[in-house]
Every structure is written in C-alpha cells, then in structure tokens.
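To be precise, the following lines are model_10.tsv, and they hold TSV, C-alpha atoms.
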```
chain	number	residue	atom	x	y	z
A	1	MET	CA	-44.32	130.18	116.89
A	2	ALA	CA	-45.56	133.44	118.29
A	3	ARG	CA	-48.55	135.30	116.93
A	4	ILE	CA	-47.63	138.86	115.94
A	5	ILE	CA	-50.20	141.58	116.73
A	6	VAL	CA	-49.82	145.17	115.52
A	7	ILE	CA	-51.59	148.00	117.33
A	8	THR	CA	-52.14	150.66	114.70
A	9	SER	CA	-54.30	153.70	113.89
A	10	GLY	CA	-52.80	156.18	111.47
A	11	LYS	CA	-53.84	159.11	113.63
A	12	GLY	CA	-51.84	159.97	116.73
A	13	GLY	CA	-53.14	160.27	120.27
A	14	VAL	CA	-55.97	157.77	119.97
A	15	GLY	CA	-54.54	155.29	122.49
A	16	LYS	CA	-52.18	152.91	120.67
A	17	THR	CA	-49.57	152.77	123.42
A	18	THR	CA	-52.21	152.55	126.18
A	19	THR	CA	-53.77	149.66	124.25
A	20	SER	CA	-50.44	147.94	123.58
A	21	ALA	CA	-49.54	148.06	127.27
A	22	ALA	CA	-52.99	146.81	128.32
A	23	LEU	CA	-53.10	143.99	125.76
A	24	ALA	CA	-49.57	142.80	126.55
A	25	MET	CA	-50.19	142.84	130.30
A	26	GLY	CA	-53.58	141.14	129.87
A	27	LEU	CA	-52.14	138.34	127.73
A	28	ALA	CA	-49.23	137.83	130.14
A	29	GLN	CA	-51.57	137.69	133.14
A	30	ARG	CA	-53.45	134.90	131.40
A	31	GLY	CA	-50.26	132.89	131.26
A	32	LYS	CA	-49.18	133.76	127.72
A	33	ARG	CA	-45.49	134.44	127.20
A	34	THR	CA	-45.65	137.94	125.78
A	35	VAL	CA	-43.27	140.61	124.56
A	36	VAL	CA	-44.32	144.15	123.64
A	37	ILE	CA	-42.13	146.13	121.23
A	38	ASP	CA	-42.03	149.90	120.84
A	39	PHE	CA	-41.68	150.74	117.11
A	40	ASP	CA	-41.75	154.50	117.67
A	41	VAL	CA	-38.05	155.10	117.12
A	42	GLY	CA	-37.06	158.59	118.24
A	43	LEU	CA	-40.23	159.11	120.30
A	44	ARG	CA	-40.13	156.24	122.74
A	45	ASN	CA	-43.06	156.16	125.17
A	46	LEU	CA	-44.06	152.57	125.81
A	47	ASP	CA	-41.42	152.28	128.57
A	48	LEU	CA	-43.09	155.18	130.41
A	49	ILE	CA	-46.57	153.70	130.13
A	50	MET	CA	-45.21	150.33	131.31
A	51	GLY	CA	-43.31	152.02	134.14
A	52	CYS	CA	-39.88	150.63	133.23
A	53	GLU	CA	-38.23	153.79	131.81
A	54	ARG	CA	-35.40	153.73	134.36
A	55	ARG	CA	-34.44	150.19	133.48
A	56	VAL	CA	-33.76	150.80	129.78
A	57	VAL	CA	-30.14	150.01	128.94
A	58	TYR	CA	-30.19	148.72	125.38
A	59	ASP	CA	-32.97	149.10	122.82
A	60	PHE	CA	-34.50	147.61	119.67
A	61	ILE	CA	-32.03	149.41	117.35
A	62	ASN	CA	-29.02	148.23	119.41
A	63	VAL	CA	-30.23	144.66	118.85
A	64	ILE	CA	-30.78	145.20	115.11
A	65	ASN	CA	-27.30	146.69	114.78
A	66	GLY	CA	-25.72	143.86	116.75
A	67	GLU	CA	-24.56	146.19	119.56
A	68	ALA	CA	-26.46	144.14	122.15
A	69	ASN	CA	-28.20	140.80	122.17
A	70	LEU	CA	-31.91	140.38	122.80
A	71	ASN	CA	-31.52	139.19	126.38
A	72	GLN	CA	-29.62	142.36	127.23
A	73	ALA	CA	-32.30	144.60	125.73
A	74	LEU	CA	-35.45	142.86	126.95
A	75	ILE	CA	-36.86	144.26	130.21
A	76	ARG	CA	-38.74	141.77	132.35
A	77	ASP	CA	-41.89	143.22	133.89
A	78	LYS	CA	-41.75	143.34	137.69
A	79	ARG	CA	-45.47	142.65	138.08
A	80	CYS	CA	-45.78	139.74	135.68
A	81	ASP	CA	-43.08	137.16	134.90
A	82	ASN	CA	-44.46	136.31	131.46
A	83	LEU	CA	-44.06	139.84	130.15
A	84	TYR	CA	-41.08	141.52	128.49
A	85	VAL	CA	-40.70	145.01	127.04
A	86	LEU	CA	-38.40	145.84	124.12
A	87	PRO	CA	-37.96	149.62	124.14
A	88	ALA	CA	-37.40	151.82	121.09
A	89	SER	CA	-34.30	153.93	120.66
A	90	GLN	CA	-34.75	157.54	121.69
A	91	THR	CA	-31.79	158.92	119.74
A	92	ARG	CA	-31.64	157.07	116.45
A	93	ASP	CA	-33.38	157.72	113.19
A	94	LYS	CA	-36.40	155.62	112.26
A	95	ASP	CA	-34.58	154.44	109.12
A	96	ALA	CA	-32.46	152.30	111.42
A	97	LEU	CA	-35.42	149.89	111.41
A	98	THR	CA	-34.51	147.68	108.47
A	99	LYS	CA	-36.91	145.02	107.27
A	100	GLU	CA	-34.24	142.35	107.64
A	101	GLY	CA	-33.31	143.54	111.12
A	102	VAL	CA	-36.91	143.62	112.31
A	103	GLU	CA	-37.55	140.17	110.86
A	104	GLN	CA	-34.48	138.73	112.58
A	105	VAL	CA	-35.61	140.06	115.98
A	106	LEU	CA	-39.18	138.81	115.49
A	107	VAL	CA	-37.98	135.35	114.46
A	108	GLU	CA	-35.75	135.12	117.52
A	109	LEU	CA	-38.56	136.27	119.82
A	110	SER	CA	-40.97	133.80	118.19
A	111	HIS	CA	-39.05	130.82	119.57
A	112	ASN	CA	-39.92	131.42	123.21
A	113	HIS	CA	-42.99	133.65	123.19
A	114	ASP	CA	-46.68	133.12	122.47
A	115	PHE	CA	-47.50	136.69	121.49
A	116	ILE	CA	-45.51	139.62	120.14
A	117	VAL	CA	-47.35	142.95	120.46
A	118	CYS	CA	-46.04	145.69	118.13
A	119	ASP	CA	-46.83	149.24	119.27
A	120	SER	CA	-46.87	151.21	116.01
A	121	PRO	CA	-46.03	154.90	115.72
A	122	ALA	CA	-48.68	157.22	114.25
A	123	GLY	CA	-48.57	158.00	110.55
A	124	ILE	CA	-48.03	155.80	107.52
A	125	GLU	CA	-44.29	156.18	107.19
A	126	HIS	CA	-41.42	153.79	107.70
A	127	GLY	CA	-41.83	153.00	111.42
A	128	ALA	CA	-45.54	152.30	111.02
A	129	THR	CA	-45.09	150.13	107.93
A	130	MET	CA	-42.33	148.16	109.67
A	131	ALA	CA	-44.60	147.57	112.69
A	132	MET	CA	-47.35	146.12	110.51
A	133	TYR	CA	-45.35	144.32	107.84
A	134	PHE	CA	-44.91	141.00	109.69
A	135	ALA	CA	-48.24	141.08	111.56
A	136	ASP	CA	-50.70	138.19	111.79
A	137	ASP	CA	-53.39	140.28	113.50
A	138	ALA	CA	-54.05	144.02	113.56
A	139	ILE	CA	-55.98	145.99	116.13
A	140	VAL	CA	-57.05	149.32	114.63
A	141	VAL	CA	-57.51	151.79	117.48
A	142	THR	CA	-60.13	154.40	116.58
A	143	ASN	CA	-61.80	157.33	118.33
A	144	PRO	CA	-65.42	158.10	117.45
A	145	GLU	CA	-64.34	161.20	115.55
A	146	VAL	CA	-64.16	161.94	111.81
A	147	SER	CA	-60.40	162.22	111.25
A	148	SER	CA	-59.64	159.13	113.31
A	149	VAL	CA	-62.21	157.01	111.46
A	150	ARG	CA	-60.92	158.18	108.11
A	151	ASP	CA	-57.30	157.45	109.03
A	152	SER	CA	-58.30	154.00	110.28
A	153	ASP	CA	-59.84	153.23	106.92
A	154	ARG	CA	-56.64	154.34	105.24
A	155	MET	CA	-54.65	151.99	107.50
A	156	LEU	CA	-56.91	149.11	106.49
A	157	GLY	CA	-55.98	149.75	102.86
A	158	ILE	CA	-52.28	149.69	103.72
A	159	LEU	CA	-52.64	146.55	105.87
A	160	SER	CA	-54.25	144.71	102.98
A	161	SER	CA	-51.62	145.72	100.43
A	162	ARG	CA	-48.28	146.33	102.14
A	163	SER	CA	-47.82	143.43	104.53
A	164	ARG	CA	-45.83	140.24	104.25
A	165	ARG	CA	-49.05	138.23	104.12
A	166	ALA	CA	-50.36	140.36	101.25
A	167	GLU	CA	-47.09	140.21	99.32
A	168	ASN	CA	-46.86	136.42	99.68
A	169	ASN	CA	-50.55	135.92	98.82
A	170	GLU	CA	-51.13	134.30	102.20
A	171	GLU	CA	-54.27	134.45	104.30
A	172	PRO	CA	-54.76	138.18	105.02
A	173	ILE	CA	-54.08	139.85	108.36
A	174	ARG	CA	-57.01	139.51	110.77
A	175	GLU	CA	-58.25	143.02	111.42
A	176	TYR	CA	-60.09	144.13	114.55
A	177	LEU	CA	-61.65	147.42	115.61
A	178	LEU	CA	-61.06	148.86	119.05
A	179	LEU	CA	-63.08	151.99	119.75
A	180	THR	CA	-61.54	154.15	122.49
A	181	ARG	CA	-62.49	157.37	124.31
A	182	TYR	CA	-66.15	156.46	123.88
A	183	ASP	CA	-68.65	158.71	125.65
A	184	PRO	CA	-72.07	156.99	125.74
A	185	LEU	CA	-73.83	160.10	127.01
A	186	ARG	CA	-72.65	162.17	124.07
A	187	VAL	CA	-73.70	159.35	121.73
A	188	VAL	CA	-77.21	159.37	123.22
A	189	ASN	CA	-77.32	163.14	122.74
A	190	GLY	CA	-76.36	162.72	119.09
A	191	GLU	CA	-73.04	164.53	119.51
A	192	MET	CA	-70.76	161.56	118.93
A	193	LEU	CA	-70.60	158.75	116.37
A	194	SER	CA	-71.97	155.53	117.86
A	195	VAL	CA	-70.27	152.11	117.84
A	196	GLU	CA	-72.77	151.06	115.17
A	197	ASP	CA	-71.93	154.11	113.02
A	198	VAL	CA	-68.20	153.42	113.13
A	199	GLN	CA	-68.68	149.71	112.49
A	200	GLU	CA	-70.97	150.44	109.55
A	201	ILE	CA	-68.33	152.69	107.99
A	202	LEU	CA	-65.28	150.50	108.64
A	203	SER	CA	-66.96	147.02	108.53
A	204	LEU	CA	-64.56	145.47	111.03
A	205	LYS	CA	-65.00	142.92	113.77
A	206	LEU	CA	-65.41	144.83	117.03
A	207	LEU	CA	-62.90	143.75	119.64
A	208	GLY	CA	-63.92	146.23	122.29
A	209	VAL	CA	-65.17	149.65	123.31
A	210	VAL	CA	-63.12	151.53	125.90
A	211	PRO	CA	-65.00	154.41	127.51
A	212	GLU	CA	-63.47	157.85	128.02
A	213	SER	CA	-62.01	157.39	131.47
A	214	LYS	CA	-60.02	159.31	134.04
A	215	ALA	CA	-58.26	156.06	134.91
A	216	VAL	CA	-56.22	156.17	131.68
A	217	LEU	CA	-54.42	159.35	132.69
A	218	THR	CA	-53.98	158.42	136.34
A	219	SER	CA	-52.55	155.02	135.39
A	220	SER	CA	-50.12	156.53	132.91
A	221	ASN	CA	-49.03	159.08	135.55
A	222	SER	CA	-47.65	156.25	137.64
A	223	GLY	CA	-46.54	153.88	134.87
A	224	ILE	CA	-49.17	151.23	135.48
A	225	PRO	CA	-50.98	149.72	132.49
A	226	VAL	CA	-54.64	150.68	132.98
A	227	ILE	CA	-55.74	147.03	132.74
A	228	LEU	CA	-54.24	146.56	136.22
A	229	ASP	CA	-56.78	149.06	137.62
A	230	ARG	CA	-59.51	146.48	137.95
A	231	GLU	CA	-61.92	148.90	139.58
A	232	SER	CA	-61.89	151.25	136.62
A	233	ASP	CA	-64.22	151.12	133.62
A	234	ALA	CA	-61.30	151.37	131.17
A	235	GLY	CA	-59.41	148.59	132.97
A	236	GLN	CA	-62.43	146.30	132.79
A	237	ALA	CA	-63.07	147.18	129.15
A	238	TYR	CA	-59.46	146.28	128.27
A	239	SER	CA	-59.72	143.05	130.23
A	240	ASP	CA	-62.85	142.13	128.22
A	241	MET	CA	-60.94	142.99	125.05
A	242	VAL	CA	-58.16	140.54	125.91
A	243	SER	CA	-60.71	137.79	126.61
A	244	ARG	CA	-62.41	138.42	123.27
A	245	TYR	CA	-59.08	138.39	121.47
A	246	LEU	CA	-58.40	134.98	122.97
A	247	GLY	CA	-61.75	133.73	121.67
A	248	ASP	CA	-64.15	134.15	124.59
A	249	GLU	CA	-67.65	135.47	123.94
A	250	VAL	CA	-67.87	138.47	126.25
A	251	PRO	CA	-70.77	140.94	125.96
A	252	HIS	CA	-69.78	144.55	125.36
A	253	ARG	CA	-70.08	146.87	128.36
A	254	PHE	CA	-70.00	150.64	128.89
A	255	LEU	CA	-72.04	151.27	125.73
A	256	HIS	CA	-74.85	153.09	127.52
A	257	PRO	CA	-74.83	156.05	129.90
A	258	GLU	CA	-74.94	155.20	133.57
A	259	LYS	CA	-78.43	155.15	134.98
A	260	LYS	CA	-78.96	158.30	136.98
A	261	GLY	CA	-81.33	159.19	139.78
A	262	PHE	CA	-84.52	161.16	139.26
A	263	LEU	CA	-83.02	164.53	140.18
A	264	SER	CA	-79.95	164.31	137.99
A	265	ARG	CA	-82.13	163.15	135.12
A	266	LEU	CA	-84.45	166.10	135.61
A	267	PHE	CA	-81.57	168.56	135.46
A	268	ARG	CA	-79.67	166.85	132.70
A	269	GLY	CA	-78.59	168.82	129.69
B	1	MET	CA	-88.78	158.24	130.51
B	2	GLY	CA	-89.39	161.50	132.36
B	3	LEU	CA	-91.40	164.41	131.10
B	4	LEU	CA	-88.22	166.41	130.59
B	5	ASP	CA	-86.70	163.63	128.53
B	6	TYR	CA	-89.72	163.75	126.28
B	7	PHE	CA	-89.07	167.39	125.47
B	8	LEU	CA	-85.32	166.87	125.25
B	9	SER	CA	-85.65	164.05	122.74
B	10	SER	CA	-87.73	166.26	120.47
B	11	ARG	CA	-84.74	168.54	120.02
B	12	PRO	CA	-83.04	168.20	116.64
B	13	LYS	CA	-80.36	165.51	116.85
B	14	GLY	CA	-76.75	166.61	117.15
B	15	SER	CA	-73.87	166.65	114.73
B	16	ALA	CA	-73.12	162.90	114.81
B	17	ASN	CA	-75.41	162.30	111.83
B	18	VAL	CA	-73.53	164.91	109.81
B	19	ALA	CA	-70.24	163.24	110.77
B	20	LYS	CA	-71.54	159.86	109.65
B	21	GLU	CA	-72.80	161.13	106.30
B	22	ARG	CA	-69.56	162.97	105.56
B	23	LEU	CA	-67.51	159.91	106.48
B	24	GLN	CA	-69.57	157.55	104.35
B	25	ILE	CA	-69.01	159.71	101.26
B	26	LEU	CA	-65.33	160.26	102.03
B	27	VAL	CA	-64.53	156.63	102.77
B	28	ALA	CA	-66.33	155.43	99.64
B	29	HIS	CA	-64.28	157.88	97.57
B	30	ASP	CA	-61.00	156.94	99.32
B	31	ARG	CA	-61.66	153.25	98.71
B	32	ALA	CA	-62.51	153.76	95.04
B	33	THR	CA	-59.23	155.58	94.37
B	34	ARG	CA	-57.23	153.17	96.58
B	35	ASP	CA	-58.13	150.17	94.42
B	36	GLN	CA	-57.10	151.86	91.20
B	37	PRO	CA	-53.88	150.85	89.51
B	38	SER	CA	-51.11	153.34	90.17
B	39	TYR	CA	-50.49	153.96	86.47
B	40	LEU	CA	-53.90	155.57	85.97
B	41	PRO	CA	-52.92	159.28	86.32
B	42	GLN	CA	-50.00	158.87	83.93
B	43	LEU	CA	-52.18	156.95	81.48
B	44	GLN	CA	-54.63	159.84	81.54
B	45	GLN	CA	-51.83	162.37	80.92
B	46	GLU	CA	-50.44	160.46	77.97
B	47	ILE	CA	-53.81	159.84	76.36
B	48	LEU	CA	-54.54	163.54	76.69
B	49	ALA	CA	-51.21	164.41	75.07
B	50	VAL	CA	-51.98	162.18	72.08
B	51	ILE	CA	-55.48	163.61	71.65
B	52	ARG	CA	-54.12	167.12	71.85
B	53	LYS	CA	-51.90	166.47	68.85
B	54	TYR	CA	-55.08	166.30	66.78
B	55	VAL	CA	-57.83	168.06	68.71
B	56	ASP	CA	-57.73	171.08	70.95
B	57	VAL	CA	-59.22	169.75	74.16
B	58	ASP	CA	-58.48	170.75	77.72
B	59	MET	CA	-57.45	168.74	80.73
B	60	SER	CA	-60.96	168.13	82.02
B	61	ALA	CA	-62.15	166.71	78.70
B	62	VAL	CA	-60.61	163.31	79.33
B	63	SER	CA	-61.80	161.13	82.16
B	64	VAL	CA	-60.48	157.70	82.94
B	65	ASN	CA	-62.57	155.43	85.17
B	66	TYR	CA	-61.53	152.16	86.63
B	67	GLU	CA	-63.97	149.64	88.04
B	68	GLN	CA	-63.31	146.25	89.48
B	69	GLY	CA	-65.88	143.46	89.43
B	70	ASP	CA	-65.55	139.94	90.82
B	71	SER	CA	-63.91	138.47	87.75
B	72	HIS	CA	-63.27	141.45	85.50
B	73	GLU	CA	-61.86	144.95	85.42
B	74	ILE	CA	-63.29	147.77	83.34
B	75	LEU	CA	-61.21	150.69	82.15
B	76	GLU	CA	-63.59	153.34	80.88
B	77	LEU	CA	-62.31	156.22	78.81
B	78	ASN	CA	-64.49	159.23	78.17
B	79	ILE	CA	-63.40	162.08	75.91
B	80	ILE	CA	-65.56	165.11	75.34
B	81	LEU	CA	-64.70	166.77	72.04
B	82	PRO	CA	-65.38	170.47	71.59
B	83	ASP	CA	-68.43	171.48	69.53
B	84	ALA	CA	-66.48	172.66	66.54
B	85	VAL	CA	-63.51	170.40	65.97
B	86	HIS	CA	-60.47	172.26	64.66
B	87	HIS	CA	-57.77	170.13	63.17
B	88	HIS	CA	-54.21	171.30	63.65
B	89	GLN	CA	-52.57	172.36	60.44
B	90	ALA	CA	-49.57	170.20	59.76
```

If you convert what's in this file into structure tokens, what do you get?
Amino acid sequence: MARIIVITSGKGGVGKTTTSAALAMGLAQRGKRTVVIDFDVGLRNLDLIMGCERRVVYDFINVINGEANLNQALIRDKRCDNLYVLPASQTRDKDALTKEGVEQVLVELSHNHDFIVCDSPAGIEHGATMAMYFADDAIVVTNPEVSSVRDSDRMLGILSSRSRRAENNEEPIREYLLLTRYDPLRVVNGEMLSVEDVQEILSLKLLGVVPESKAVLTSSNSGIPVILDRESDAGQAYSDMVSRYLGDEVPHRFLHPEKKGFLSRLFRG
Amino acid sequence: MGLLDYFLSSRPKGSANVAKERLQILVAHDRATRDQPSYLPQLQQEILAVIRKYVDVDMSAVSVNYEQGDSHEILELNIILPDAVHHHQA
C-alpha cells in the first residue's frame, strides 16, 4: 500500500508545485517508487516544473473517464526510474474530478508504488478538497507572511474535518509545516515572521525551512526540480526535508543570515 | 558584535511583531468559530424571532456562545432586555 501525501496551502504562489516536484524526486532518488499527481485541473503546471510538458498525451481526467488507462497516462521521469508524473487536464472542468474516480486511480496506483504525492491547487474548492480527501499525510506549505499563515490555519481546519480519515473516525492525517521563501536576514531585522513565530501560531511539526533562493526560479526555467540542484541552498533544504519526512533526524539549516566580513557588516542596513 | 551593530540593534524592532500579534488574535478567533456547530447562526435567528414576538429587542440583544471542553459542551444564551419592557398588545 502506498502512503498518500498531499501538498497543500490554501494560498496560491507559496511553492506547492515546487515542493511537490522536489519531494517526489527526492523520494524516488532514495529508491521509493513514487508517483506525483497534478490536481490543478484547468491550470496544469506540474508537468512544466518536472520538465515533461512535451510528453503529455493523456491526463488524470482521461483516466477517470475511462478514455485511457493509467499506463498510457503516466509519464516516466527520464532522470529517475522510480518516478512517474500524472498530469492534470488543461481543458476540462475541475468538476470532472469525482471522488469515486480519484479513489479508483489512487487504489490502482497504490498497488505498485510506495508514495503518492498529490499537488493540490490553491483555494478550498473542489480540486483542493479532492487532493486532500484520501491523504495520509499533509505538508502545509507556508510563507512567513500574514495571509499565508492564516490560510494555512484554515487548511488545517479543513484537513481535520473533511478528509476520509476524519469521516471514518480513523487516526487523523499527519500534518507537517514547511516554511518556504524564508529570509533569515529580514527575520533578524524584525521585518519577517520567524520560524518560531509561525510554529507558535500554527503548532505544527516543522518538516523544513526553505530559504528564499534564486535557484527556485532558475530550476523552474529549465524544468528541473530544484532538489536536483545540489549546490543550491533551496535544493539542500528540500533534500533535508525529504530525509526528515522519512524519519531521519536532520538539523535545520539556513535559519540564520550568512556570516559576513567586517566591511559588509559595517555597511549593513 | 560590532559597534555599528550595537546602534542598529537599539532601533525599534520591525513589523514582524505586529504581524505575529495580529495573527494570534485572528487565528484564535477563526478557530473558535470553526469549532462551532453549523446550526448556531440559524438557532440565534429563530430564538430572536421568538423573543421578538413578546419583547421589542434588536438583533444585537441576543448572543449565543458555544464552548467546548474535554467532556462537555456549553451553549450559552445571553439576552439583554430593554430597560422598559413593552409587551405587544395582542
């Protein structure tokens, strides 16, 4: 049986797709059979971030409607054999995601995968609730910014009431916090909420802190999940995140501003 | 810590503290309303309608509070009657 992970946030633009791509690639690189599904029907983007947009033939909705089988729709990653991408439909309506259809696809994928990563759309409407409904774990992606933190808290409420686990009175979804676009220098200057602030407000287990990084844009430009950029701070932060998710104790990095020389310190500000 | 840092750190801290305080209040309020049963607003409306049959009170005079403890739930109803109570003539 596969473990189902939803990457969610409520607010848009905080890094859900970047995180989904990084997590899926990281799990696959560690030998886990992984599939990552784009739930953003009508606004498909995961294929671009994964760099497989020209190989999309059939999509998630085609499979649900019986117009293609799973093997026809799944795209095998060229960099990692354990990784498959299931793209969203770009033309259909999000209502095409039926609960029964989604469940059927997840059950079929469960047979021969270890992890299913669900890249949720922003918002709290149908696509987002479908992405989280069957989840075992949830990673709530949050920016250190008021509207993002508030929306994350709202998602936590929905996760605890409108999921299969909640409806069946099973053990609740395991919820994790991933703080992205973190700028330690601005935190030190008192301009940005700190990790501790956000954790105090949301009371979630911290899975990782990804610093604001130029590498995220440059990786997405060329369709390479940022976790593959091992030199970059964001790539390393995501790699740590995957290790922590799999149960390793890894200390958090990139929480403090880089140490600067005497001159740059003198002229700081 | 350099001399300049000493002066810099004596500056008033930035807006992050304001953000945190606002969020703490907001999130506490969001959570309190989230845990309420969904029938609460309608319950309040109907109670108000019944009271209005007998006493001339306005919308804000009735407040319904819901609290959840570990093993119990409290539904608190608070009605403020006007100073001089006028009964409707049948």

Distance cut-off 7 Å, counting only C-alpha atoms - which residues of chain B neighbour chain A? Return them as a list in words.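 Filtering chain B at 7 Å from chain A with only C-alpha atoms gives Leu4, Lys13, Gly14, Ser15, Ala16, Ala19, Lys20, Leu23, Gln24 and Val27 of chain B.
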
Surrounding residues of Leu81 in chain B excluding itself and chain neighbours under 2 positions, 8 Å, all atoms listed in the file, as a ChimeraX atom specification: /B:55,57,61,79,83,85

Excluding Gln236 in chain A and any residue of its chain fewer than 6 positions from it, enumerate the residues within 9 Å of it, using all atoms listed in the file, and give them as an NGL selection string. :A and (210 or 226-230 or 253)

Write out the residues from the selection above, keeping C-alpha atoms, as a compact mmCIF listing (two decimals), in the coordinates of the input.
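Output below, filename selection.txt:
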```txt
# COMPACT_ATOMS: atom_id res chain seq x y z
CA VAL A 210 -63.12 151.53 125.90
CA VAL A 226 -54.64 150.68 132.98
CA ILE A 227 -55.74 147.03 132.74
CA LEU A 228 -54.24 146.56 136.22
CA ASP A 229 -56.78 149.06 137.62
CA ARG A 230 -59.51 146.48 137.95
CA ARG A 253 -70.08 146.87 128.36
```

CA of Gly66 in chain A to CA of Arg164 in chain A measures 24.0 Å

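Of the listed residues A:Val140, A:Pro225, A:Ser160, A:Leu83, the one whose atoms come nearest to Leu206 in chain A is A:Val140, with distances taken using all atoms listed in the file.
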